[in-house]
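Printed here is my_file-v4.txt (compact mmCIF, C-alpha atoms and all ligand atoms):
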```txt
# COMPACT_ATOMS: atom_id res chain seq x y z
CA MET A 1 -91.30 -133.17 157.82
CA ASN A 2 -94.58 -133.88 159.59
CA ASN A 3 -96.62 -131.24 161.37
CA ASN A 4 -96.33 -132.66 164.84
CA TYR A 5 -94.27 -131.54 167.74
CA VAL A 6 -91.61 -133.97 168.95
CA LEU A 7 -90.85 -133.77 172.65
CA TYR A 8 -87.59 -135.17 173.97
CA GLY A 9 -87.87 -136.00 177.63
CA ARG A 10 -87.36 -138.31 180.51
CA GLN A 11 -90.08 -139.82 182.67
CA GLY A 12 -90.82 -137.52 185.59
CA GLY A 13 -88.19 -135.01 184.40
CA GLY A 14 -88.34 -131.47 183.06
CA SER A 15 -90.30 -132.57 179.99
CA LEU A 16 -93.37 -132.95 182.23
CA VAL A 17 -94.40 -129.29 182.00
CA ILE A 18 -94.05 -129.32 178.22
CA GLN A 19 -96.19 -132.43 178.04
CA PHE A 20 -98.83 -130.82 180.28
CA LEU A 21 -98.98 -127.83 177.96
CA LEU A 22 -99.07 -129.87 174.75
CA GLU A 23 -101.97 -131.86 176.21
CA GLU A 24 -103.77 -128.74 177.38
CA LEU A 25 -103.36 -127.25 173.89
CA GLY A 26 -104.63 -130.42 172.23
CA ALA A 27 -101.48 -130.33 170.08
CA ALA A 28 -100.33 -133.33 168.05
CA TYR A 29 -97.02 -134.57 169.42
CA THR A 30 -94.88 -137.61 169.93
CA ILE A 31 -92.43 -138.27 172.75
CA GLU A 32 -88.92 -139.63 172.51
CA TRP A 33 -87.52 -140.75 175.84
CA VAL A 34 -83.86 -139.80 176.14
CA ASP A 35 -81.42 -142.03 177.98
CA ARG A 36 -79.52 -139.88 180.52
CA ASP A 37 -76.19 -141.69 180.15
CA ALA A 38 -76.33 -141.70 176.37
CA ALA A 39 -77.17 -137.97 176.34
CA ALA A 40 -74.22 -137.25 178.65
CA ASP A 41 -71.90 -138.36 175.86
CA ARG A 42 -70.97 -135.21 173.93
CA SER A 43 -70.92 -137.15 170.68
CA SER A 44 -74.43 -138.58 171.12
CA ALA A 45 -76.96 -138.05 168.35
CA TYR A 46 -79.18 -136.21 170.87
CA ARG A 47 -76.58 -133.42 171.17
CA LYS A 48 -77.47 -132.44 167.61
CA ILE A 49 -81.01 -131.78 168.82
CA CYS A 50 -80.11 -130.33 172.20
CA PRO A 51 -76.50 -129.12 172.54
CA THR A 52 -76.60 -129.27 176.36
CA GLY A 53 -77.63 -132.95 176.34
CA LYS A 54 -80.39 -132.12 178.84
CA ILE A 55 -84.11 -132.59 178.61
CA PRO A 56 -86.52 -131.18 177.64
CA ALA A 57 -86.09 -130.28 173.99
CA LEU A 58 -88.90 -129.73 171.54
CA ILE A 59 -88.91 -129.96 167.77
CA LEU A 60 -91.43 -127.51 166.40
CA PRO A 61 -93.71 -128.36 163.47
CA ASP A 62 -91.38 -126.43 161.11
CA GLY A 63 -88.40 -128.55 162.23
CA THR A 64 -86.78 -125.97 164.54
CA SER A 65 -85.40 -127.49 167.73
CA LEU A 66 -85.65 -125.62 171.01
CA PHE A 67 -84.22 -126.26 174.44
CA GLU A 68 -84.69 -124.58 177.87
CA SER A 69 -88.03 -125.43 179.46
CA ALA A 70 -89.15 -121.86 180.19
CA ALA A 71 -88.43 -120.73 176.62
CA ILE A 72 -90.38 -123.69 175.25
CA CYS A 73 -93.36 -122.96 177.54
CA ILE A 74 -93.39 -119.26 176.65
CA HIS A 75 -93.21 -120.09 172.94
CA LEU A 76 -96.14 -122.53 173.20
CA THR A 77 -98.29 -119.93 174.98
CA ALA A 78 -97.42 -117.32 172.34
CA THR A 79 -98.27 -119.57 169.40
CA HIS A 80 -101.58 -120.71 170.92
CA PRO A 81 -103.08 -117.48 172.32
CA GLN A 82 -106.60 -118.92 172.09
CA ALA A 83 -105.69 -121.46 174.80
CA ARG A 84 -105.03 -118.60 177.26
CA LEU A 85 -102.13 -120.31 178.94
CA ALA A 86 -100.59 -116.87 179.48
CA PRO A 87 -102.17 -113.47 180.04
CA PRO A 88 -102.42 -111.23 176.95
CA HIS A 89 -99.10 -109.82 175.72
CA GLY A 90 -98.22 -106.35 176.87
CA THR A 91 -100.40 -106.43 179.99
CA SER A 92 -98.99 -106.18 183.50
CA GLU A 93 -100.29 -109.71 184.12
CA HIS A 94 -98.13 -110.89 181.22
CA ALA A 95 -95.15 -109.09 182.74
CA GLN A 96 -95.81 -111.00 185.98
CA PHE A 97 -96.12 -114.21 184.00
CA LEU A 98 -92.64 -113.61 182.52
CA GLN A 99 -91.27 -112.72 185.94
CA TRP A 100 -92.48 -116.00 187.42
CA MET A 101 -91.39 -118.11 184.45
CA LEU A 102 -87.87 -116.72 184.82
CA PHE A 103 -87.84 -117.07 188.59
CA LEU A 104 -89.07 -120.64 188.39
CA ALA A 105 -86.41 -121.49 185.78
CA THR A 106 -83.45 -119.77 187.37
CA GLY A 107 -84.30 -119.93 191.09
CA VAL A 108 -86.55 -122.89 191.80
CA TYR A 109 -85.46 -125.29 189.02
CA ASP A 110 -81.79 -124.44 189.36
CA SER A 111 -81.68 -125.01 193.12
CA ILE A 112 -83.39 -128.39 192.96
CA LEU A 113 -80.97 -129.46 190.22
CA ARG A 114 -78.12 -128.67 192.63
CA TYR A 115 -79.82 -130.94 195.17
CA TYR A 116 -80.15 -133.89 192.78
CA TYR A 117 -76.80 -133.40 191.04
CA ALA A 118 -74.86 -132.20 194.13
CA PRO A 119 -71.49 -133.89 193.36
CA ARG A 120 -71.23 -131.77 190.21
CA TYR A 121 -71.20 -128.59 192.27
CA THR A 122 -68.19 -129.33 194.42
CA THR A 123 -64.62 -130.44 193.96
CA GLY A 124 -64.86 -132.10 197.40
CA SER A 125 -65.37 -135.81 197.88
CA ASP A 126 -69.05 -135.68 198.69
CA GLY A 127 -71.80 -133.25 197.85
CA HIS A 128 -73.55 -133.42 201.20
CA GLY A 129 -73.15 -129.73 202.08
CA VAL A 130 -74.15 -128.70 198.55
CA LYS A 131 -77.26 -130.83 198.82
CA GLU A 132 -78.28 -129.32 202.13
CA ALA A 133 -77.72 -125.75 200.90
CA ALA A 134 -79.56 -126.49 197.66
CA LEU A 135 -82.64 -127.76 199.50
CA ALA A 136 -82.60 -124.67 201.73
CA GLU A 137 -82.44 -122.45 198.64
CA PHE A 138 -85.21 -124.41 196.91
CA GLU A 139 -87.44 -123.86 199.95
CA ASP A 140 -86.44 -120.17 200.14
CA CYS A 141 -87.49 -119.76 196.53
CA LEU A 142 -90.79 -121.53 197.24
CA SER A 143 -91.40 -119.18 200.16
CA VAL A 144 -90.94 -116.18 197.87
CA VAL A 145 -93.65 -117.69 195.66
CA GLU A 146 -95.84 -118.54 198.67
CA HIS A 147 -95.76 -114.97 199.97
CA GLN A 148 -96.68 -113.45 196.62
CA LEU A 149 -99.29 -115.98 195.55
CA SER A 150 -103.00 -115.31 195.58
CA THR A 151 -104.71 -118.16 193.70
CA TYR A 152 -102.69 -118.23 190.48
CA LEU A 153 -99.24 -116.91 189.69
CA ALA A 154 -100.26 -114.53 186.92
CA GLY A 155 -103.71 -113.11 186.29
CA ALA A 156 -107.07 -114.56 187.26
CA SER A 157 -106.75 -118.00 185.70
CA LEU A 158 -104.29 -120.84 185.23
CA SER A 159 -101.22 -120.11 183.14
CA ALA A 160 -98.19 -122.10 182.04
CA ALA A 161 -96.39 -120.71 185.11
CA ASP A 162 -98.77 -122.66 187.37
CA PHE A 163 -98.09 -125.89 185.50
CA TYR A 164 -94.36 -125.19 185.78
CA LEU A 165 -94.65 -124.62 189.53
CA TYR A 166 -96.64 -127.85 189.90
CA MET A 167 -93.86 -129.85 188.23
CA LEU A 168 -91.13 -128.23 190.32
CA ALA A 169 -93.00 -128.56 193.63
CA GLY A 170 -93.38 -132.28 192.93
CA TRP A 171 -89.60 -132.63 192.95
CA HIS A 172 -89.36 -131.70 196.63
CA PRO A 173 -87.43 -134.64 198.10
CA ASP A 174 -90.31 -135.24 200.53
CA GLY A 175 -92.95 -134.94 197.82
CA TYR A 176 -96.10 -132.86 197.51
CA GLU A 177 -97.06 -133.61 201.13
CA ALA A 178 -94.09 -131.60 202.40
CA VAL A 179 -94.93 -128.74 200.06
CA GLN A 180 -98.58 -128.74 201.18
CA LYS A 181 -97.50 -128.58 204.80
CA LYS A 182 -94.85 -125.87 204.44
CA PHE A 183 -96.41 -123.82 201.65
CA PRO A 184 -100.22 -124.09 201.88
CA LYS A 185 -101.00 -121.63 199.05
CA ILE A 186 -98.66 -123.45 196.67
CA GLY A 187 -100.23 -126.68 197.91
CA ALA A 188 -103.71 -125.41 197.05
CA LEU A 189 -102.55 -124.37 193.56
CA CYS A 190 -100.93 -127.79 193.06
CA ASP A 191 -104.28 -129.38 193.97
CA ILE A 192 -105.98 -127.36 191.23
CA VAL A 193 -103.37 -128.28 188.61
CA GLY A 194 -103.08 -131.90 189.74
CA ALA A 195 -106.86 -132.40 189.54
CA ARG A 196 -106.92 -131.70 185.80
CA SER A 197 -107.60 -134.85 183.82
CA LYS A 198 -104.93 -134.07 181.22
CA VAL A 199 -102.34 -133.53 183.93
CA GLN A 200 -103.33 -136.80 185.57
CA ARG A 201 -103.01 -138.62 182.25
CA VAL A 202 -99.51 -137.24 181.76
CA MET A 203 -98.54 -138.14 185.33
CA ASP A 204 -99.76 -141.71 184.73
CA GLN A 205 -97.63 -141.95 181.59
CA ASN A 206 -94.64 -140.68 183.51
CA ASN A 207 -94.79 -143.24 186.31
N1 LIG B 301 -82.32 -125.13 182.36
C1 LIG B 301 -82.73 -126.36 181.77
C2 LIG B 301 -82.46 -127.47 182.76
C3 LIG B 301 -82.68 -128.82 182.13
C4 LIG B 301 -82.15 -129.95 183.00
O1 LIG B 301 -81.18 -129.81 183.76
N2 LIG B 301 -82.79 -131.13 182.87
C5 LIG B 301 -82.40 -132.27 183.64
C6 LIG B 301 -83.58 -133.19 183.91
S1 LIG B 301 -84.84 -132.39 184.83
C7 LIG B 301 -81.40 -133.10 182.85
O2 LIG B 301 -81.56 -133.35 181.67
N3 LIG B 301 -80.35 -133.57 183.53
C8 LIG B 301 -79.40 -134.46 182.97
C9 LIG B 301 -78.02 -134.03 183.28
O3 LIG B 301 -77.82 -132.90 183.77
O4 LIG B 301 -77.13 -134.83 183.03
C10 LIG B 301 -84.22 -126.29 181.39
O5 LIG B 301 -84.96 -125.55 182.05
O6 LIG B 301 -84.64 -126.95 180.41
```
Using C-alpha cells, write down the structure that the file contains.
Amino acid sequence: MNNNYVLYGRQGGGSLVIQFLLEELGAAYTIEWVDRDAAADRSSAYRKICPTGKIPALILPDGTSLFESAAICIHLTATHPQARLAPPHGTSEHAQFLQWMLFLATGVYDSILRYYYAPRYTTGSDGHGVKEAALAEFEDCLSVVEHQLSTYLAGASLSAADFYLYMLAGWHPDGYEAVQKKFPKIGALCDIVGARSKVQRVMDQNN
C-alpha cells in the first residue's frame, strides 16, 4: 500500500470535482482513466473498486475505496480541515454546505445525467422527451441555486460545493456561456472557480 490517493475517472466526467479538490489540497494522487464500455460490464475488474461501474471512485491512502462524488468531496473536506474547503463542522454554514452538496448530487447532477443518458430512462424507442424534460429540470435546479446564491454557496469563502457547482454548470449542453446568460450569479461564481490556476491545470488535463 502506498500513501497516495488513487482517483478513478473519465476525462471531463464526474471525477473533475475530485481532481479539483485533490489539487487544491496539495494531496498526492494518481489518476486511472476508466473506459466506459469496459466499466459497463458487470464482471469488469473496475466493479471490484466501484460496484456501480460509474466514475468517480477514490481509493483512500488506507486502501478503502469510496464511490459517490458528494460523499468523496465531503470526506476530503473533513480530513483536511486546514484547507477550509468546507465551513467548520456544526455551524449553520456547514449545514448549508451539506444541503447544497446533497442538492447538487441529487438534483443538478441527476437531472443532467438523464439528459446525457436519456434512452436509459424510457422504454420507448427514443429518449427525446426524456432529454427535453431533463434539461428543463437541470435548469430549474440551477434557478433554485441562482435565487439563493450570494457570492458563494456556503459561508464567506469558496467551498467544495462551489467546485462541484462549477463542474456541473460546465455540463450544460450549451456550455458555460448559456449558464452565464441565464444564471448570472452562478456565472460569476464559475468565473471565480475557473480562474484558479489549479482548476485550469485540471481542465487542461481533461481536454
Ligand atoms: N451519483 C454518482 C453518479 C456518477 C455517474 O453517473 N457518473 C457518470 C459519469 S459523469 C458515469 O460514470 N456514467 C457511466 C454510465 O452510467 O454508464 C456520483 O455522484 O458519483
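Checking A:Thr77, A:Ser111, A:Gln19, A:Thr106 one by one against ligand LIG 301 (chain B), counting all atoms listed in the file, you find the shortest gap at A:Thr106.
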- Item | Distance of atom C4 of ligand LIG 301 (chain B) from CA of Ala95 in chain A, expressed in Å to one decimal place | 24.6 Å
- Choose the residue, out of A:Gly155, A:Gly107, A:Pro51, A:Gly26, that has the smallest atom-to-atom separation from Pro87 in chain A; count only C-alpha atoms. A:Gly155
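Near Gln205 in chain A, within 9 Å and counting all atoms listed in the file, sit Gln11, Gln200 and Arg201 of chain A; same-chain residues fewer than 4 positions away were not included.
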- Query: So which residues are near ligand LIG 301 (chain B), meaning at most 8 Å away with all atoms listed in the file counted, given back as a ChimeraX atom specification?
  - Reply: /A:9-10,12-15,36-37,39-40,53-57,67-70,105-106,109-110,113,117
- Task: Using CA of Glu132 in chain A and CA of Tyr116 in chain A as the two end points, give the distance in Å to one decimal.
- Result: 10.6 Å
All residues 8 Å or closer to range 140-151 of chain A, only C-alpha atoms, same chain fewer than 2 positions away omitted, as a CSV table (one decimal) with C-alpha atoms, in the coordinates of the input:
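part22.csv was written with the following content:
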```csv
chain,number,residue,atom,x,y,z
A,107,GLY,CA,-84.3,-119.9,191.1
A,108,VAL,CA,-86.6,-122.9,191.8
A,136,ALA,CA,-82.6,-124.7,201.7
A,137,GLU,CA,-82.4,-122.4,198.6
A,138,PHE,CA,-85.2,-124.4,196.9
A,153,LEU,CA,-99.2,-116.9,189.7
A,156,ALA,CA,-107.1,-114.6,187.3
A,183,PHE,CA,-96.4,-123.8,201.6
A,184,PRO,CA,-100.2,-124.1,201.9
A,185,LYS,CA,-101.0,-121.6,199.0
A,186,ILE,CA,-98.7,-123.4,196.7
A,189,LEU,CA,-102.6,-124.4,193.6
```
- Item | Selected residue of minimal separation from Ala133 in chain A among A:Tyr121, A:Thr64, A:Ala45, A:Tyr115, counting all atoms listed in the file |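 Among the listed residues, the smallest separation from Ala133 in chain A belongs to A:Tyr115.
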- Query: So which one's closest to Trp171 in chain A, A:Ala38, A:Ala27, A:Met101, A:Leu135? Using only C-alpha atoms, please.
  - Reply: A:Leu135
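Closest to Cys190 in chain A among A:Asp126, A:Asp162, A:Glu23, A:Asp174 is A:Asp162, based on all atoms listed in the file.
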- Query: Need the neighbours of (-105.0, -125.7, 180.5): which residues are at most 9 Å away, counting only C-alpha atoms, as a list in words?
  - Reply: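 Checked against the point, the hits come out as Phe20, Leu21, Glu23, Glu24, Leu25, Ala83, Arg84, Leu85, Leu158, Ser159, Ala160, Phe163, Val193, Arg196, Lys198 and Val199 of chain A.
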- Using only C-alpha atoms, pick whichever of A:Ile112, A:Thr122, A:Ile49, A:Ala188 has the shortest atom-to-atom distance to Pro173 in chain A.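 Ranked by minimum distance to Pro173 in chain A, first place goes to A:Ile112.
We find CA of Glu32 in chain A and CA of Ser65 in chain A to be spaced 13.5 Å apart.
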